[in-house]
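To keep things clear, I will list the structure first and then write my remarks on it.
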Amino acid sequence: MGTVVSLTLPAASGADELVAATAVVERLFAGLDETFSLYRADSEASRLARAEIKLPDASEVMRRLYADAVGWRLLTEGAFTPERPDGVLDLSGIVKGYAIQEAGISLLALGLPDWCLNAGGDVLVSGSPGAGSPGSGSNETWRAGIVDPEDRRTLIAGYPLGGKAGAKLALATSGSAERGDHIWAAGAGTGAASVVRAAPAFRQVSVAAADIVTADVLATAIVAGGMPMLDRATDGWNIEVLAVRAGGGLLATPGFRR
């Protein structure tokens with residue numbers, strides 16, 4: 001879908017480190033796009049959608065991510081689901097978080113402990129932006145901004161990521177402001193017998209968590225499941241949430257209010 005992926009390293013990083021890190025991230029995202037994109041007619045996901053192959057015959061990564069998505073469907077009581085209302089398998093709700101997670105693992109394997117990876121507004125960090133710089137401490141945090149869904153040039157909040165033990169490392173945002181109404185509501189279906197879809201409770205939801213997959217999945221699930229899923233997520237996971245109501249009001253957990 002033309003998602004922009006950006007990688008930031010501390011100012012003290014060398015040019016060779018940046019080149020190697022960029023190559024790893026580009027290769028990983030390109031490979032997953034070839035497998036999972038429903039916008040590519042030749043992808044494995046598109047072949048599954050056309051019933052040219054069946055899921056048991058799909059690649060190991062396709063079957064593993066599908067199993068993970070089904071697990072999240074159970075954990076969220078159906079608010080997150082890997083099937084579209086028309087029955088097509090669509091793992092886009094989990095694959096971007098997975099791609100960011102795998103890219104982060106690859107960066108650490110390269111011996112790069114300090115970086116910020118941003119894929120379409122979903123952010124994962126490691127270490128500190130001040131690492132290696134004179135006068136900057138290793139506890140300096142990365143700052144992730146959250147845009148106003150009514151005005152993409154304006155930030156409505158910022159959230160500190162990384163920099164110290166126990167800090168949240170990931171921030172994901174889901175909603176209709178960036179890509180339109182692409183998240184289907186929990187329980188939505190197709191056909192004459194379908195229940196009429198209710199207006200979404202939230203225009204945009206941002207979730208900060210220890211890992212990017214949890215942040216990404218729960219942000220999507222809260223948009224799809226509304227207030228009941230927001231309550232379930234904040235009770236069941238160690239997360240912080242900033243939700244923009246359909247009417248423009250904000251709901252924020254204590255971490256975001258601080």
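Every chain in the structure tokens takes a letter, A first, then B, and so on in the order presented; its residues are numbered from 1, and the ligands are numbered from 1 following the presented order.
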| All residues 7 Å or closer to Tyr159 in chain A, only C-alpha atoms, same chain fewer than 3 positions away omitted, as a VMD selection string | chain A and resid 143 to 145 256
| message | Show me, as an NGL selection string, the residues that have an atom within 8 Å of Pro200 in chain A when counting only C-alpha atoms, minus same-chain residues fewer than 3 positions from it. | response | :A and (185 or 203 or 223-224 or 226 or 246)
| said: When you look at range 40-45 of chain A with a cut-off of 9 Å (counting only C-alpha atoms), what residues show up, excluding the ones that are within fewer than 4 positions of it in the same chain? I need them as a PyMOL selection string. | reply: chain A and resi 33-36+49-50+53+58-59+62+89-91
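Proximity to Ala208 in chain A at 7 Å, evaluated using only C-alpha atoms and with sequence-adjacent residues fewer than 2 positions away removed, yields Lys168, Ala170, Leu171, Ala172, Ser206, Ala215, Ile239, Glu240 and Val241 of chain A.
What separates CA of Val95 in chain A from CA of Gly163 in chain A is a distance of 26.3 Å.
Taking CA of Pro129 in chain A and CA of Val217 in chain A as endpoints, the distance between them is 26.3 Å.
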| field | Gln204 in chain A environment, 6 Å, only C-alpha atoms, sequence neighbours closer than 5 positions dropped, as a PyMOL selection string | value | chain A and resi 174-175+243-244
Can those selected residues be exported to a file as a PDB file, in the first residue's frame so that it contains N, CA, C and O atoms?
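For reference, part_37.pdb as written:
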ATOM      1  N   SER A 174      -4.230   2.891  15.121  1.00  0.00           N
ATOM      2  CA  SER A 174      -5.179   2.403  14.122  1.00  0.00           C
ATOM      3  C   SER A 174      -6.367   3.345  14.056  1.00  0.00           C
ATOM      4  O   SER A 174      -6.689   4.021  15.030  1.00  0.00           O
ATOM      5  N   GLY A 175      -7.026   3.372  12.896  1.00  0.00           N
ATOM      6  CA  GLY A 175      -8.206   4.214  12.743  1.00  0.00           C
ATOM      7  C   GLY A 175      -8.490   4.491  11.289  1.00  0.00           C
ATOM      8  O   GLY A 175      -7.853   3.935  10.390  1.00  0.00           O
ATOM      9  N   ALA A 243      -7.439   7.186  22.978  1.00  0.00           N
ATOM     10  CA  ALA A 243      -8.501   6.940  21.997  1.00  0.00           C
ATOM     11  C   ALA A 243      -9.197   8.253  21.658  1.00  0.00           C
ATOM     12  O   ALA A 243      -9.560   9.024  22.552  1.00  0.00           O
ATOM     13  N   VAL A 244      -9.364   8.482  20.360  1.00  0.00           N
ATOM     14  CA  VAL A 244     -10.090   9.657  19.874  1.00  0.00           C
ATOM     15  C   VAL A 244     -11.512   9.212  19.551  1.00  0.00           C
ATOM     16  O   VAL A 244     -11.724   8.391  18.657  1.00  0.00           O
TER      17      VAL A 244
END
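Counting only C-alpha atoms and comparing A:Val125, A:Ala79, A:Leu108, A:Leu117, the residue that lies closest to Leu218 in chain A is A:Ala79.
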Quick one: residues within 9 Å of Gly78 in chain A, only C-alpha atoms counted, chain neighbours fewer than 2 positions away excluded, as a PDB file with C-alpha atoms, in the first residue's frame?
ATOM      1  CA  TRP A  72      -5.596 -13.023  19.111  1.00  0.00           C
ATOM      2  CA  ARG A  73      -9.183 -13.520  17.968  1.00  0.00           C
ATOM      3  CA  LEU A  74      -9.745 -15.748  21.000  1.00  0.00           C
ATOM      4  CA  LEU A  75      -7.965 -13.341  23.360  1.00  0.00           C
ATOM      5  CA  THR A  76     -10.024 -10.370  22.129  1.00  0.00           C
ATOM      6  CA  PHE A  80      -9.632  -8.907  16.170  1.00  0.00           C
ATOM      7  CA  THR A  81     -10.073 -11.423  13.369  1.00  0.00           C
ATOM      8  CA  ALA A 186     -16.535  -6.943  15.384  1.00  0.00           C
ATOM      9  CA  GLY A 187     -19.403  -9.145  14.259  1.00  0.00           C
ATOM     10  CA  ALA A 221      -9.167  -4.533  18.140  1.00  0.00           C
ATOM     11  CA  GLY A 225     -14.695  -3.556  19.296  1.00  0.00           C
TER      12      GLY A 225
END
| said: Going by DSSP on the backbone, which residues of range 67-233 of chain A come out as helix (DSSP H, G or I)? List them as a PyMOL selection string. | reply: chain A and resi 67-75+92-109+212-233
| task | Could you jot down the CA of Ala11 in chain A to CA of Ala30 in chain A separation for me, Å, one decimal place? | result | 26.6 Å
| message | So, with only C-alpha atoms as the atoms that count, which of A:Ala199, A:Ala210, A:Ala109, A:Ala119 lies closest to Gly162 in chain A? | response | A:Ala210
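Ranking A:Ala131, A:Ala201, A:Ala165, A:Val61 by their shortest atom-to-atom distance to Met229 in chain A, with only C-alpha atoms included, puts A:Ala201 first.
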| said: List the spatial neighbours of Ala20 in chain A as a ChimeraX atom specification - criterion: any atom at most 12 Å away, only C-alpha atoms, same-chain residues fewer than 2 positions off excluded. | reply: /A:7,9,13-18,22-27,106-112
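Residue nearest Phe202 in chain A, chosen from A:Leu251, A:Ile156, A:Ala99, A:Val19 and counting only C-alpha atoms: A:Leu251.
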| message | What parts of range 103-256 of chain A does DSSP call strand (DSSP E)? I'd like the answer as a ChimeraX atom specification. | response | /A:115-119,122-126,142-148,151-161,170-175,202-209,240-245,250-252
Writer output for current selection, C-alpha atoms, as a compact mmCIF listing (two decimals), in the first residue's frame:
# COMPACT_ATOMS: atom_id res chain seq x y z
CA TRP A 115 17.39 2.64 16.91
CA CYS A 116 13.84 3.78 16.15
CA LEU A 117 11.86 1.98 13.45
CA ASN A 118 8.66 3.57 12.11
CA ALA A 119 6.41 1.76 9.64
CA ASP A 122 3.68 2.23 14.09
CA VAL A 123 6.89 2.61 16.08
CA LEU A 124 9.33 0.21 17.76
CA VAL A 125 12.46 1.42 19.53
CA SER A 126 15.51 0.00 21.22
CA TRP A 142 12.73 8.35 22.01
CA ARG A 143 9.64 10.53 21.49
CA ALA A 144 6.78 9.21 19.37
CA GLY A 145 4.15 11.67 18.18
CA ILE A 146 0.46 10.96 17.56
CA VAL A 147 -1.24 12.97 14.86
CA ASP A 148 -4.65 14.58 15.04
CA ASP A 151 -5.48 17.52 10.82
CA ARG A 152 -2.52 15.32 9.86
CA ARG A 153 -0.15 18.30 10.30
CA THR A 154 -0.92 18.54 14.03
CA LEU A 155 0.15 16.36 16.93
CA ILE A 156 -2.33 15.70 19.74
CA ALA A 157 0.11 13.86 21.99
CA GLY A 158 3.60 12.50 22.40
CA TYR A 159 4.76 9.39 24.20
CA PRO A 160 8.26 8.49 25.49
CA LEU A 161 9.56 5.10 24.36
CA ALA A 170 6.25 0.16 20.96
CA LEU A 171 3.44 2.47 19.89
CA ALA A 172 0.81 1.61 17.27
CA THR A 173 -2.10 3.67 15.96
CA SER A 174 -5.18 2.40 14.12
CA GLY A 175 -8.21 4.21 12.74
CA PHE A 202 -13.49 5.67 17.98
CA ARG A 203 -11.93 7.56 15.09
CA GLN A 204 -8.41 6.64 16.13
CA VAL A 205 -6.77 4.52 18.83
CA SER A 206 -3.10 4.53 19.88
CA VAL A 207 -1.65 1.80 22.11
CA ALA A 208 1.75 1.79 23.82
CA ALA A 209 3.03 -1.64 24.85
CA GLU A 240 -1.42 2.65 27.71
CA VAL A 241 -4.19 3.88 25.41
CA LEU A 242 -5.16 7.18 23.82
CA ALA A 243 -8.50 6.94 22.00
CA VAL A 244 -10.09 9.66 19.87
CA ARG A 245 -13.88 9.37 20.04
CA LEU A 250 -10.29 11.95 24.03
CA LEU A 251 -10.00 8.98 26.39
CA ALA A 252 -6.55 8.46 27.92
